Amino acid sequence: MNGQNRKDVVPGREVNIVLKQDQRSGKLTRGIVKDLLTNSPTHPHGIKVRLTDGQVGRVKEIITPSN
């Protein structure tokens, strides 16, 4: 799942985000969502979140646990 829909991104979910300084390279950072920072229901570049470790970026992928 991509991270463009706010309803798909919930606190406690594992995601891959791109940090502001990594936007050019596209380097992804994995973490657990702490807070949602985007208020609109969708965003074309991904919902902005704060991870539990304090890093802020836009969600590029939502990690779904494999059963």
# chains A, B, ... in the order shown; residues from 1 in each chain; ligands from 1

$ residues_around --residues "A:Glu61" --least-positions-apart "5" --cutoff "12 Å" --atoms "only C-alpha atoms" --output "CSV table (one decimal) with all heavy atoms, in the first residue's frame"
chain,number,residue,atom,x,y,z
A,1,MET,N,0.8,-1.2,0.0
A,1,MET,CA,0.0,0.0,0.0
A,1,MET,C,0.9,1.3,0.0
A,1,MET,O,1.9,1.3,0.7
A,1,MET,CB,-0.9,0.0,1.3
A,1,MET,CG,-2.2,-0.7,1.2
A,1,MET,SD,-3.3,-0.3,2.5
A,1,MET,CE,-2.5,-1.2,3.9
A,2,ASN,N,0.5,2.2,-0.8
A,2,ASN,CA,1.2,3.5,-0.7
A,2,ASN,C,0.6,4.3,0.4
A,2,ASN,O,-0.4,4.0,1.0
A,2,ASN,CB,1.1,4.2,-2.1
A,2,ASN,CG,-0.3,4.7,-2.4
A,2,ASN,OD1,-1.1,4.9,-1.5
A,2,ASN,ND2,-0.5,4.9,-3.7
A,3,GLY,N,1.3,5.4,0.8
A,3,GLY,CA,0.9,6.2,1.9
A,3,GLY,C,0.2,7.5,1.6
A,3,GLY,O,0.3,8.5,2.3
A,4,GLN,N,-0.7,7.5,0.5
A,4,GLN,CA,-1.3,8.7,0.1
A,4,GLN,C,-2.7,8.9,0.7
A,4,GLN,O,-3.2,10.0,0.7
A,4,GLN,CB,-1.5,8.7,-1.4
A,4,GLN,CG,-0.1,8.8,-2.1
A,4,GLN,CD,-0.2,8.8,-3.6
A,4,GLN,OE1,-1.3,8.5,-4.2
A,4,GLN,NE2,0.8,9.0,-4.3
A,5,ASN,N,-3.3,7.9,1.3
A,5,ASN,CA,-4.6,8.0,2.0
A,5,ASN,C,-4.4,8.0,3.5
A,5,ASN,O,-3.8,7.1,4.1
A,5,ASN,CB,-5.5,6.8,1.6
A,5,ASN,CG,-5.8,6.9,0.1
A,5,ASN,OD1,-6.1,7.9,-0.4
A,5,ASN,ND2,-5.8,5.7,-0.5
A,8,ASP,N,-5.4,5.0,5.8
A,8,ASP,CA,-4.6,3.8,5.8
A,8,ASP,C,-3.4,3.9,6.7
A,8,ASP,O,-2.8,2.9,7.1
A,8,ASP,CB,-4.0,3.5,4.4
A,8,ASP,CG,-5.1,3.2,3.4
A,8,ASP,OD1,-6.2,2.7,3.8
A,8,ASP,OD2,-4.9,3.5,2.2
A,9,VAL,N,-3.1,5.2,7.1
A,9,VAL,CA,-1.9,5.4,8.0
A,9,VAL,C,-2.4,5.6,9.4
A,9,VAL,O,-3.1,6.6,9.7
A,9,VAL,CB,-1.1,6.6,7.5
A,9,VAL,CG1,0.1,6.8,8.4
A,9,VAL,CG2,-0.7,6.4,6.0
A,13,ARG,N,1.5,1.6,13.2
A,13,ARG,CA,1.7,0.9,12.0
A,13,ARG,C,3.2,1.1,11.5
A,13,ARG,O,3.7,2.2,11.6
A,13,ARG,CB,0.8,1.3,10.9
A,13,ARG,CG,0.9,0.5,9.6
A,13,ARG,CD,-0.3,0.5,8.8
A,13,ARG,NE,-1.3,-0.4,9.3
A,13,ARG,CZ,-2.5,-0.6,8.7
A,13,ARG,NH1,-2.8,0.2,7.6
A,13,ARG,NH2,-3.4,-1.4,9.2
A,14,GLU,N,3.8,0.0,11.0
A,14,GLU,CA,5.1,0.1,10.4
A,14,GLU,C,5.1,0.6,9.0
A,14,GLU,O,4.3,0.2,8.2
A,14,GLU,CB,5.8,-1.3,10.5
A,14,GLU,CG,7.3,-1.2,10.1
A,14,GLU,CD,8.0,-2.6,10.3
A,14,GLU,OE1,7.3,-3.6,10.4
A,14,GLU,OE2,9.2,-2.6,10.3
A,15,VAL,N,5.9,1.6,8.7
A,15,VAL,CA,5.9,2.3,7.4
A,15,VAL,C,7.3,2.6,6.9
A,15,VAL,O,8.3,2.6,7.7
A,15,VAL,CB,5.1,3.6,7.4
A,15,VAL,CG1,3.7,3.4,7.7
A,15,VAL,CG2,5.7,4.6,8.4
A,16,ASN,N,7.5,2.8,5.6
A,16,ASN,CA,8.7,3.3,5.1
A,16,ASN,C,8.4,4.8,4.7
A,16,ASN,O,7.4,5.0,4.0
A,16,ASN,CB,9.1,2.6,3.8
A,16,ASN,CG,9.8,1.3,4.1
A,16,ASN,OD1,10.4,1.1,5.2
A,16,ASN,ND2,9.7,0.3,3.2
A,17,ILE,N,9.3,5.7,5.2
A,17,ILE,CA,9.1,7.1,4.8
A,17,ILE,C,10.3,7.6,4.1
A,17,ILE,O,11.4,7.0,4.2
A,17,ILE,CB,8.8,8.0,6.1
A,17,ILE,CG1,10.1,8.0,7.0
A,17,ILE,CG2,7.6,7.5,6.9
A,17,ILE,CD1,10.0,9.0,8.1
A,18,VAL,N,10.2,8.8,3.4
A,18,VAL,CA,11.3,9.5,2.9
A,18,VAL,C,11.4,10.8,3.7
A,18,VAL,O,10.5,11.5,3.9
A,18,VAL,CB,11.2,9.7,1.4
A,18,VAL,CG1,10.0,10.6,1.0
A,18,VAL,CG2,12.4,10.3,0.8
A,28,LEU,N,14.7,5.4,1.7
A,28,LEU,CA,13.6,5.2,2.6
A,28,LEU,C,14.1,4.8,4.0
A,28,LEU,O,15.2,4.2,4.2
A,28,LEU,CB,12.7,4.0,2.1
A,28,LEU,CG,12.1,4.2,0.8
A,28,LEU,CD1,11.3,3.0,0.3
A,28,LEU,CD2,11.2,5.4,0.8
A,29,THR,N,13.3,5.3,5.0
A,29,THR,CA,13.6,5.0,6.4
A,29,THR,C,12.4,4.3,7.0
A,29,THR,O,11.3,4.7,6.8
A,29,THR,CB,13.8,6.3,7.2
A,29,THR,OG1,14.9,7.0,6.5
A,29,THR,CG2,14.2,6.1,8.6
A,30,ARG,N,12.7,3.1,7.7
A,30,ARG,CA,11.6,2.4,8.2
A,30,ARG,C,11.4,2.7,9.7
A,30,ARG,O,12.3,3.0,10.4
A,30,ARG,CB,11.9,0.9,8.1
A,30,ARG,CG,10.7,0.0,8.6
A,30,ARG,CD,10.9,-1.4,8.2
A,30,ARG,NE,10.7,-1.6,6.8
A,30,ARG,CZ,10.5,-2.8,6.2
A,30,ARG,NH1,10.4,-3.9,6.9
A,30,ARG,NH2,10.3,-2.8,4.9
A,31,GLY,N,10.1,2.8,10.1
A,31,GLY,CA,9.8,3.1,11.5
A,31,GLY,C,8.3,2.8,11.8
A,31,GLY,O,7.5,2.5,10.9
A,32,ILE,N,8.0,3.1,13.0
A,32,ILE,CA,6.6,3.0,13.5
A,32,ILE,C,6.0,4.4,13.7
A,32,ILE,O,6.6,5.3,14.2
A,32,ILE,CB,6.6,2.3,14.9
A,32,ILE,CG1,7.3,1.0,14.9
A,32,ILE,CG2,5.2,2.1,15.4
A,32,ILE,CD1,6.7,-0.1,14.0
A,33,VAL,N,4.8,4.6,13.1
A,33,VAL,CA,4.1,5.8,13.2
A,33,VAL,C,3.7,6.2,14.6
A,33,VAL,O,3.1,5.4,15.3
A,33,VAL,CB,2.8,5.8,12.3
A,33,VAL,CG1,2.0,7.1,12.4
A,33,VAL,CG2,3.2,5.5,10.9
A,45,HIS,N,2.1,13.3,-2.4
A,45,HIS,CA,3.4,12.9,-2.1
A,45,HIS,C,3.5,12.0,-0.9
A,45,HIS,O,4.6,11.6,-0.5
A,45,HIS,CB,4.3,14.1,-1.9
A,45,HIS,CG,4.4,15.0,-3.1
A,45,HIS,ND1,4.9,14.6,-4.3
A,45,HIS,CD2,3.9,16.2,-3.3
A,45,HIS,CE1,4.8,15.5,-5.2
A,45,HIS,NE2,4.2,16.6,-4.6
A,46,GLY,N,2.4,11.7,-0.3
A,46,GLY,CA,2.4,10.8,0.9
A,46,GLY,C,2.0,11.6,2.1
A,46,GLY,O,2.3,12.8,2.2
A,47,ILE,N,1.4,10.9,3.1
A,47,ILE,CA,0.9,11.5,4.3
A,47,ILE,C,2.2,11.8,5.2
A,47,ILE,O,3.0,10.9,5.3
A,47,ILE,CB,0.0,10.6,5.1
A,47,ILE,CG1,-1.3,10.3,4.2
A,47,ILE,CG2,-0.4,11.2,6.5
A,47,ILE,CD1,-2.1,11.6,3.9

$ atom_distance --atom1 "atom CA of A:Pro41" --atom2 "atom CA of A:Arg6"
5.1 Å

$ closest_residue --among "A:Thr42, A:Lys34, A:Ile63, A:Arg24" --to "A:Gly12" --atoms "only C-alpha atoms"
A:Lys34

$ atom_distance --atom1 "atom CA of A:Pro11" --atom2 "atom CA of A:Ser25"
26.3 Å

$ select_by_dssp --residues "chain A" --states "helix (DSSP H, G or I)" --output "list in words"
Arg6, Lys7, Asp8, Lys20, Gln21 and Asp22 of chain A

$ write_last_selection --atoms "N, CA and C atoms" --output "PDB file, in the first residue's frame"
ATOM      1  N   ARG A   6      -4.905   9.055   4.125  1.00  0.00           N
ATOM      2  CA  ARG A   6      -4.750   9.227   5.580  1.00  0.00           C
ATOM      3  C   ARG A   6      -5.385   8.082   6.361  1.00  0.00           C
ATOM      4  N   LYS A   7      -6.507   7.538   5.844  1.00  0.00           N
ATOM      5  CA  LYS A   7      -7.216   6.472   6.550  1.00  0.00           C
ATOM      6  C   LYS A   7      -6.381   5.191   6.650  1.00  0.00           C
ATOM      7  N   ASP A   8      -5.406   5.015   5.753  1.00  0.00           N
ATOM      8  CA  ASP A   8      -4.558   3.812   5.757  1.00  0.00           C
ATOM      9  C   ASP A   8      -3.390   3.919   6.733  1.00  0.00           C
ATOM     10  N   LYS A  20      13.035  14.542   4.563  1.00  0.00           N
ATOM     11  CA  LYS A  20      13.217  15.734   3.736  1.00  0.00           C
ATOM     12  C   LYS A  20      14.591  15.724   3.051  1.00  0.00           C
ATOM     13  N   GLN A  21      15.635  15.400   3.814  1.00  0.00           N
ATOM     14  CA  GLN A  21      16.984  15.435   3.240  1.00  0.00           C
ATOM     15  C   GLN A  21      17.241  14.282   2.260  1.00  0.00           C
ATOM     16  N   ASP A  22      16.360  13.279   2.253  1.00  0.00           N
ATOM     17  CA  ASP A  22      16.530  12.131   1.358  1.00  0.00           C
ATOM     18  C   ASP A  22      15.596  12.179   0.151  1.00  0.00           C
TER      19      ASP A  22
END

$ select_by_dssp --residues "chain A" --states "strand (DSSP E or B)" --output "PyMOL selection string"
chain A and resi 5+14-19+28-36+42+48-51+56-62

$ atom_distance --atom1 "atom CA of A:Lys27" --atom2 "atom CA of A:Ser40"
24.8 Å

$ closest_residue --among "A:Val49, A:Val56, A:Val10, A:Leu19" --to "A:Leu37" --atoms "only C-alpha atoms"
A:Val49

$ residues_around --residues "A:Lys48" --least-positions-apart "5" --cutoff "8 Å" --atoms "only C-alpha atoms" --output "ChimeraX atom specification"
/A:36-38,56-59

$ write_last_selection --atoms "all heavy atoms" --output "compact mmCIF listing (two decimals), in the first residue's frame"
# COMPACT_ATOMS: atom_id res chain seq x y z
N LEU A 36 0.28 11.55 13.07
CA LEU A 36 -0.01 11.98 11.71
C LEU A 36 0.04 13.49 11.68
O LEU A 36 -0.60 14.15 12.50
CB LEU A 36 -1.38 11.48 11.27
CG LEU A 36 -1.45 10.04 10.77
CD1 LEU A 36 -1.24 9.06 11.89
CD2 LEU A 36 -2.75 9.79 10.08
N LEU A 37 0.80 14.06 10.74
CA LEU A 37 0.98 15.50 10.67
C LEU A 37 0.19 16.14 9.52
O LEU A 37 0.01 17.35 9.51
CB LEU A 37 2.47 15.84 10.54
CG LEU A 37 3.35 15.27 11.66
CD1 LEU A 37 4.81 15.61 11.40
CD2 LEU A 37 2.92 15.77 13.01
N THR A 38 -0.27 15.33 8.56
CA THR A 38 -1.09 15.84 7.46
C THR A 38 -2.55 15.75 7.86
O THR A 38 -3.00 14.69 8.30
CB THR A 38 -0.85 15.01 6.18
OG1 THR A 38 0.51 15.13 5.79
CG2 THR A 38 -1.73 15.49 5.04
N VAL A 56 10.70 12.83 10.97
CA VAL A 56 9.50 13.26 10.26
C VAL A 56 9.72 13.09 8.77
O VAL A 56 10.77 13.44 8.24
CB VAL A 56 9.19 14.75 10.58
CG1 VAL A 56 8.05 15.25 9.71
CG2 VAL A 56 8.87 14.92 12.05
N GLY A 57 8.72 12.53 8.09
CA GLY A 57 8.81 12.36 6.65
C GLY A 57 7.48 11.96 6.07
O GLY A 57 6.47 11.86 6.78
N ARG A 58 7.46 11.73 4.76
CA ARG A 58 6.23 11.35 4.06
C ARG A 58 6.22 9.85 3.81
O ARG A 58 7.21 9.28 3.36
CB ARG A 58 6.11 12.11 2.76
CG ARG A 58 5.91 13.60 3.00
CD ARG A 58 5.34 14.31 1.81
NE ARG A 58 5.17 15.73 2.10
CZ ARG A 58 4.08 16.25 2.62
NH1 ARG A 58 3.06 15.47 2.92
NH2 ARG A 58 3.99 17.55 2.86
N VAL A 59 5.07 9.23 4.05
CA VAL A 59 4.93 7.79 3.91
C VAL A 59 4.97 7.41 2.43
O VAL A 59 4.22 7.95 1.61
CB VAL A 59 3.60 7.29 4.53
CG1 VAL A 59 3.42 5.79 4.31
CG2 VAL A 59 3.55 7.62 6.02
